[in-house]
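Quick look at run05.txt (compact mmCIF, C-alpha atoms):
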# COMPACT_ATOMS: atom_id res chain seq x y z
CA MET A 1 -1.88 15.89 -15.63
CA ASP A 2 -5.09 13.94 -16.01
CA ALA A 3 -5.71 10.65 -14.20
CA ASN A 4 -4.78 8.44 -17.16
CA ALA A 5 -1.50 10.26 -17.67
CA VAL A 6 -0.62 9.87 -13.99
CA LYS A 7 -1.42 6.16 -14.09
CA GLU A 8 0.69 5.58 -17.18
CA MET A 9 3.60 7.50 -15.70
CA VAL A 10 3.46 5.40 -12.52
CA ARG A 11 3.12 2.18 -14.53
CA ASP A 12 6.16 3.07 -16.66
CA ARG A 13 8.21 3.88 -13.58
CA TYR A 14 7.44 0.58 -11.88
CA HIS A 15 7.98 -1.33 -15.10
CA GLY A 16 11.47 0.16 -15.13
CA ILE A 17 12.12 -0.69 -11.49
CA ALA A 18 11.00 -4.29 -11.96
CA ALA A 19 12.99 -4.67 -15.17
CA GLY A 20 16.06 -3.00 -13.67
CA THR A 21 16.17 -0.30 -16.33
CA VAL A 22 15.54 2.76 -14.13
CA ALA A 23 19.01 4.13 -13.54
CA ASP A 24 17.93 6.59 -10.85
CA ALA A 25 15.53 4.25 -9.05
CA ALA A 26 17.23 4.58 -5.69
CA ALA A 27 16.93 8.36 -5.77
CA ALA A 28 13.72 9.09 -7.58
CA SER A 29 11.29 6.19 -7.43
CA CYS A 30 8.42 5.96 -5.00
CA CYS A 31 9.82 5.73 -1.50
CA GLY A 32 13.31 5.05 -2.86
CA ALA A 33 13.56 1.63 -4.53
CA ALA A 34 16.66 -0.39 -3.69
CA THR A 35 18.06 -3.90 -3.63
CA GLY A 36 20.09 -6.14 -1.35
CA ALA A 37 21.52 -4.68 1.84
CA THR A 38 20.28 -1.19 0.98
CA ALA A 39 16.68 -2.41 0.69
CA ASP A 40 17.02 -4.41 3.91
CA GLY A 41 18.35 -1.36 5.72
CA LYS A 42 15.41 0.73 4.53
CA SER A 43 12.94 -1.95 5.58
CA LYS A 44 14.46 -2.19 9.06
CA GLN A 45 14.02 1.57 9.31
CA MET A 46 10.33 1.02 8.49
CA GLY A 47 9.92 -1.55 11.26
CA TYR A 48 10.54 -4.92 9.61
CA SER A 49 12.61 -7.38 11.61
CA ALA A 50 15.69 -9.34 10.60
CA ASP A 51 13.52 -12.48 10.70
CA ASP A 52 11.11 -10.86 8.21
CA LEU A 53 13.93 -10.06 5.82
CA ALA A 54 15.42 -13.54 6.12
CA ALA A 55 12.05 -15.17 5.33
CA VAL A 56 11.80 -13.88 1.76
CA PRO A 57 14.02 -14.66 -1.24
CA GLU A 58 16.53 -12.15 -2.54
CA GLY A 59 14.80 -9.68 -4.83
CA ALA A 60 11.41 -9.78 -3.11
CA ASN A 61 12.22 -6.75 -1.00
CA LEU A 62 12.77 -3.64 -3.12
CA GLY A 63 12.64 -1.21 -0.22
CA LEU A 64 9.41 0.22 -1.66
CA GLY A 65 7.44 1.34 1.34
CA CYS A 66 6.95 3.93 4.04
CA GLY A 67 6.06 1.71 7.00
CA ASN A 68 5.16 -1.81 8.04
CA PRO A 69 1.46 -2.70 7.63
CA GLN A 70 2.25 -6.20 8.89
CA ALA A 71 2.77 -4.75 12.36
CA ILE A 72 -0.83 -3.50 12.63
CA ALA A 73 -2.68 -6.16 10.63
CA ALA A 74 -2.78 -8.82 13.39
CA MET A 75 -3.19 -11.56 10.78
CA ARG A 76 -4.32 -14.94 12.02
CA PRO A 77 -4.03 -18.50 10.64
CA GLY A 78 -6.70 -19.27 8.05
CA GLU A 79 -7.43 -15.67 7.07
CA THR A 80 -7.57 -14.29 3.53
CA VAL A 81 -5.40 -11.25 2.86
CA ILE A 82 -5.30 -8.89 -0.14
CA ASP A 83 -2.29 -6.64 -0.78
CA LEU A 84 -3.02 -3.54 -2.85
CA GLY A 85 -0.01 -2.85 -5.04
CA SER A 86 1.94 -6.00 -4.22
CA GLY A 87 5.11 -5.23 -6.18
CA ALA A 88 7.69 -8.02 -6.04
CA GLY A 89 5.70 -9.80 -3.34
CA PHE A 90 7.47 -8.81 -0.12
CA ASP A 91 4.42 -8.17 2.09
CA CYS A 92 2.46 -11.01 0.47
CA LEU A 93 5.13 -13.56 1.28
CA LEU A 94 5.35 -12.37 4.87
CA ALA A 95 1.55 -12.49 5.18
CA ALA A 96 1.54 -16.03 3.79
CA ARG A 97 3.63 -17.18 6.76
CA GLN A 98 1.17 -15.64 9.19
CA VAL A 99 -2.05 -17.01 7.68
CA GLY A 100 -0.52 -20.45 7.16
CA PRO A 101 -1.50 -23.22 4.75
CA ASP A 102 -5.20 -22.81 5.54
CA GLY A 103 -5.04 -19.11 4.71
CA ARG A 104 -4.77 -17.30 1.41
CA VAL A 105 -2.97 -14.21 0.13
CA ILE A 106 -3.85 -12.31 -3.05
CA GLY A 107 -1.50 -9.67 -4.39
CA VAL A 108 -2.82 -7.17 -6.95
CA ASP A 109 -0.49 -5.10 -9.12
CA MET A 110 -0.89 -3.28 -12.45
CA THR A 111 2.61 -3.99 -13.72
CA HIS A 112 3.30 -7.21 -15.63
CA GLU A 113 6.99 -7.15 -14.75
CA MET A 114 6.30 -6.83 -11.01
CA LEU A 115 3.83 -9.71 -11.19
CA LYS A 116 6.43 -11.92 -12.87
CA ARG A 117 8.97 -11.14 -10.17
CA ALA A 118 6.41 -11.78 -7.43
CA ARG A 119 5.34 -15.12 -8.90
CA ASP A 120 8.96 -16.19 -9.31
CA ASN A 121 9.70 -15.21 -5.70
CA ALA A 122 6.72 -17.17 -4.40
CA ALA A 123 7.77 -20.23 -6.40
CA ARG A 124 11.32 -20.05 -5.04
CA ILE A 125 10.10 -20.57 -1.48
CA GLY A 126 7.16 -22.84 -2.30
CA ALA A 127 4.51 -20.36 -1.10
CA GLU A 128 1.47 -22.19 -2.47
CA ASN A 129 -1.07 -20.10 -0.55
CA VAL A 130 -0.17 -16.92 -2.48
CA GLU A 131 -1.39 -15.76 -5.87
CA PHE A 132 -0.78 -12.57 -7.83
CA ARG A 133 -3.35 -10.93 -10.09
CA LEU A 134 -3.04 -8.22 -12.71
CA GLY A 135 -5.34 -5.29 -12.04
CA ASP A 136 -5.84 -1.72 -10.91
CA ILE A 137 -6.58 -1.23 -7.23
CA GLU A 138 -9.43 1.11 -8.22
CA HIS A 139 -11.13 -1.92 -9.84
CA LEU A 140 -9.95 -5.00 -7.98
CA PRO A 141 -10.08 -8.37 -9.75
CA VAL A 142 -11.56 -9.90 -6.60
CA ALA A 143 -15.09 -10.99 -5.68
CA ASP A 144 -17.20 -9.26 -3.03
CA ASN A 145 -16.68 -10.26 0.62
CA THR A 146 -13.42 -12.15 0.02
CA ALA A 147 -10.83 -10.78 2.44
CA ASP A 148 -10.40 -10.64 6.19
CA VAL A 149 -7.55 -8.15 5.87
CA ILE A 150 -6.40 -5.62 3.28
CA LEU A 151 -2.76 -4.51 3.31
CA SER A 152 -1.10 -1.75 1.35
CA ASN A 153 2.29 -0.08 1.66
CA CYS A 154 2.88 3.34 0.10
CA VAL A 155 0.73 2.72 -2.97
CA ILE A 156 -2.63 4.47 -2.56
CA ASN A 157 -0.96 7.90 -2.69
CA LEU A 158 -0.03 7.07 -6.31
CA VAL A 159 -3.65 6.61 -7.38
CA PRO A 160 -5.61 9.63 -8.67
CA ASP A 161 -9.04 8.39 -7.43
CA LYS A 162 -8.31 7.40 -3.85
CA ALA A 163 -11.99 7.43 -2.85
CA GLN A 164 -12.61 4.67 -5.42
CA VAL A 165 -9.78 2.59 -3.94
CA PHE A 166 -11.46 2.70 -0.54
CA ARG A 167 -14.85 1.84 -2.02
CA GLU A 168 -13.27 -1.20 -3.67
CA ALA A 169 -11.51 -2.16 -0.44
CA PHE A 170 -14.84 -2.04 1.37
CA ARG A 171 -16.49 -4.17 -1.32
CA VAL A 172 -13.95 -7.00 -1.22
CA LEU A 173 -13.66 -7.15 2.57
CA LYS A 174 -15.84 -9.59 4.45
CA PRO A 175 -18.16 -8.10 7.08
CA GLY A 176 -15.94 -7.43 10.06
CA GLY A 177 -12.82 -7.26 7.84
CA ARG A 178 -10.14 -4.66 8.41
CA LEU A 179 -7.66 -2.35 6.70
CA ALA A 180 -3.97 -2.17 7.66
CA ILE A 181 -2.28 0.45 5.51
CA SER A 182 0.99 2.35 5.62
CA ASP A 183 0.99 5.36 3.33
CA VAL A 184 2.10 8.94 2.92
CA VAL A 185 -0.20 11.81 3.90
CA ASN A 186 0.04 15.50 3.17
CA ILE A 187 0.65 17.60 6.30
CA HIS A 188 1.20 21.03 4.70
CA GLU A 189 0.25 22.42 1.32
CA LEU A 190 2.98 21.81 -1.24
CA THR A 191 4.82 24.72 -2.77
CA ALA A 192 3.98 25.44 -6.41
CA GLU A 193 7.39 24.06 -7.43
CA LEU A 194 6.86 20.73 -5.66
CA ALA A 195 3.23 20.41 -6.74
CA ARG A 196 4.06 20.70 -10.45
CA ASP A 197 7.08 18.35 -10.31
CA GLN A 198 5.90 15.24 -12.18
CA ALA A 199 8.72 13.13 -10.72
CA LEU A 200 7.27 13.67 -7.25
CA VAL A 201 4.02 11.99 -8.30
CA CYS A 202 5.98 8.74 -8.66
CA GLY A 203 8.00 9.74 -5.60
CA CYS A 204 5.04 9.47 -3.21
CA ILE A 205 4.97 13.22 -2.57
CA ALA A 206 2.75 15.14 -4.99
CA GLY A 207 -0.07 12.59 -4.82
CA ALA A 208 -0.34 12.45 -1.04
CA ALA A 209 -3.71 13.53 0.39
CA PRO A 210 -4.42 15.17 3.76
CA ALA A 211 -5.42 12.86 6.61
CA GLN A 212 -8.83 14.54 6.90
CA SER A 213 -9.58 13.78 3.24
CA ILE A 214 -8.58 10.14 3.70
CA ARG A 215 -10.80 9.87 6.76
CA GLY A 216 -13.71 11.32 4.82
CA TRP A 217 -13.25 8.87 1.93
CA LEU A 218 -13.03 5.90 4.29
CA GLU A 219 -16.13 6.88 6.21
CA ALA A 220 -18.06 7.63 3.01
CA ALA A 221 -17.14 4.14 1.77
CA GLY A 222 -18.67 2.67 4.95
CA PHE A 223 -15.67 2.05 7.19
CA ARG A 224 -15.94 2.43 10.94
CA ASP A 225 -13.34 2.84 13.69
CA VAL A 226 -11.14 4.79 11.28
CA ARG A 227 -7.73 5.64 12.73
CA ILE A 228 -5.03 7.68 11.00
CA GLU A 229 -1.81 8.10 12.94
CA VAL A 230 0.75 10.43 11.42
CA LYS A 231 4.32 9.34 12.17
CA PRO A 232 6.55 12.38 12.88
CA ASP A 233 9.54 10.07 13.27
CA SER A 234 9.40 9.39 9.52
CA ARG A 235 10.96 12.78 8.67
CA ASP A 236 14.48 11.50 8.10
CA MET A 237 13.30 8.59 5.97
CA ILE A 238 11.16 10.86 3.79
CA ALA A 239 13.91 13.47 3.47
CA SER A 240 16.14 10.77 1.97
CA TRP A 241 13.73 10.28 -0.96
CA ALA A 242 14.61 13.71 -2.41
CA PRO A 243 17.56 15.09 -0.44
CA GLY A 244 17.74 18.83 -0.05
CA ARG A 245 14.23 19.56 -1.29
CA GLY A 246 12.54 19.80 2.10
CA ILE A 247 9.78 17.33 1.26
CA GLU A 248 9.69 16.15 4.88
CA GLU A 249 8.01 19.47 5.73
CA TYR A 250 5.03 18.61 3.53
CA VAL A 251 4.37 14.87 3.83
CA SER A 252 4.64 12.21 6.50
CA SER A 253 4.28 8.48 6.78
CA ALA A 254 1.05 7.40 8.49
CA ILE A 255 -0.78 4.32 9.69
CA ILE A 256 -4.32 4.05 8.33
CA GLU A 257 -6.83 1.61 9.81
CA GLY A 258 -10.54 0.95 9.41
CA ARG A 259 -13.12 -1.78 9.84
CA LYS A 260 -16.01 -2.95 7.70
CA PRO A 261 -19.06 -3.38 9.95
CA GLY A 262 -20.01 -6.93 10.81
CA ALA A 263 -23.12 -8.51 9.34
CA ASP A 264 -25.15 -7.81 12.48
CA GLU A 265 -24.10 -4.14 12.46
CA ALA A 266 -24.86 -3.70 8.75
CA ALA A 267 -28.29 -5.24 9.10
CA CYS A 268 -29.37 -3.25 12.13
CA CYS A 269 -30.91 0.18 11.65
CA ALA A 270 -33.46 0.26 14.47
CA PRO A 271 -33.15 2.90 17.20
CA SER A 272 -32.46 0.17 19.74
CA CYS A 273 -29.13 -0.71 18.14
CA CYS A 274 -28.08 2.36 16.18
CA GLY A 275 -28.82 5.02 18.75
Translate the structure described by the file into structure tokens.
Amino acid sequence: MDANAVKEMVRDRYHGIAAGTVADAAAASCCGAATGATADGKSKQMGYSADDLAAVPEGANLGLGCGNPQAIAAMRPGETVIDLGSGAGFDCLLAARQVGPDGRVIGVDMTHEMLKRARDNAARIGAENVEFRLGDIEHLPVADNTADVILSNCVINLVPDKAQVFREAFRVLKPGGRLAISDVVNIHELTAELARDQALVCGCIAGAAPAQSIRGWLEAAGFRDVRIEVKPDSRDMIASWAPGRGIEEYVSSAIIEGRKPGADEAACCAPSCCG
């Protein structure tokens, strides 16, 4: 499949999840979409607390994720946060609590139906420091040097041009800004059967890249202090996305972090400061 076909397939899938028309969403969608207690149970498995789940309105948490980027983002009051692939707004609404009224959260999603749900969810709890924008994460509708933090949860694996996503993330981060991403990485080469299964592109499996490739893209984009931590304890969670197919042998959840150099670092190229 070419890149445009992949993007349209992913868009159609998430349109169906947001509209409630995907009958097999819980079994086949990216990371296993769910609602209500099932979604909350999945999110607790990913590391979200009961307080997190209680802080968002019903329907904001679809169980779409593979980890908890909030746990590594260390967001502070007054910061600006961008969420790549914001869905129904779950991580954005949690981030809004952390950055407070002086902070700002921008969610970007390519699906109109997800954006409507996210905006409705924000309005239900009066989250005035959150906004949601339509756009592709390969071409963010955000100005240069806007964000202190970029979040993303199990979305970048769905994008054909992942290197472009990281270049865009670097562009919109302020000097000194940081990435806090949970995503799926490839740990062993897929079998031919799994690699050609189109459903597994939307299921966060076939599009996963190896950690070494992700590190290379991040460093080529300009990020420093790159850290990619594969999470072996995610096996059971990943196995539940496609039971009986052994996908947990080929992909794993991972934490991905990086930092855009500060203004003083970017400006300095003399031997005295760059070695």
Which residues are near region 191-205 of chain A? Cut-off 12 Å, only C-alpha atoms, ignore same chain within fewer than 3 positions. Put them as a PyMOL selection string.
chain A and resi 1-3+5-14+17+24-33+64-66+153-160+183-188+208-210+238-242+245-253
Tell me which of A:Asp102, A:Asp91, A:Asp148, A:Asp83 sits closest to Asp136 (chain A), counting all atoms listed in the file.
A:Asp83
Near Gly176 (chain A), counting all atoms listed in the file, which residues have an atom at most 12 Å away, once you skip same-chain residues fewer than 6 positions from it, shown as a PyMOL selection string?
chain A and resi 145-150+170+222-225+258-266
Would you work out the distance separating CA of Leu134 (chain A) from CA of Arg215 (chain A), expressed in Å to one decimal?
27.7 Å
Pick the closest to Ile82 (chain A) from A:Arg97, A:Arg124, A:Arg171, A:Arg104: which is it, counting only C-alpha atoms?
A:Arg104
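If you measure from each of A:Ser86, A:Ala169, A:Ala50, A:Leu190 to Ala206 (chain A) using all atoms listed in the file, the closest one turns out to be A:Leu190.
Each of A:Gly78, A:Glu257, A:Gly216, A:Arg167 was checked against Val230 (chain A) using all atoms listed in the file; the smallest atom-to-atom distance is that of A:Glu257.
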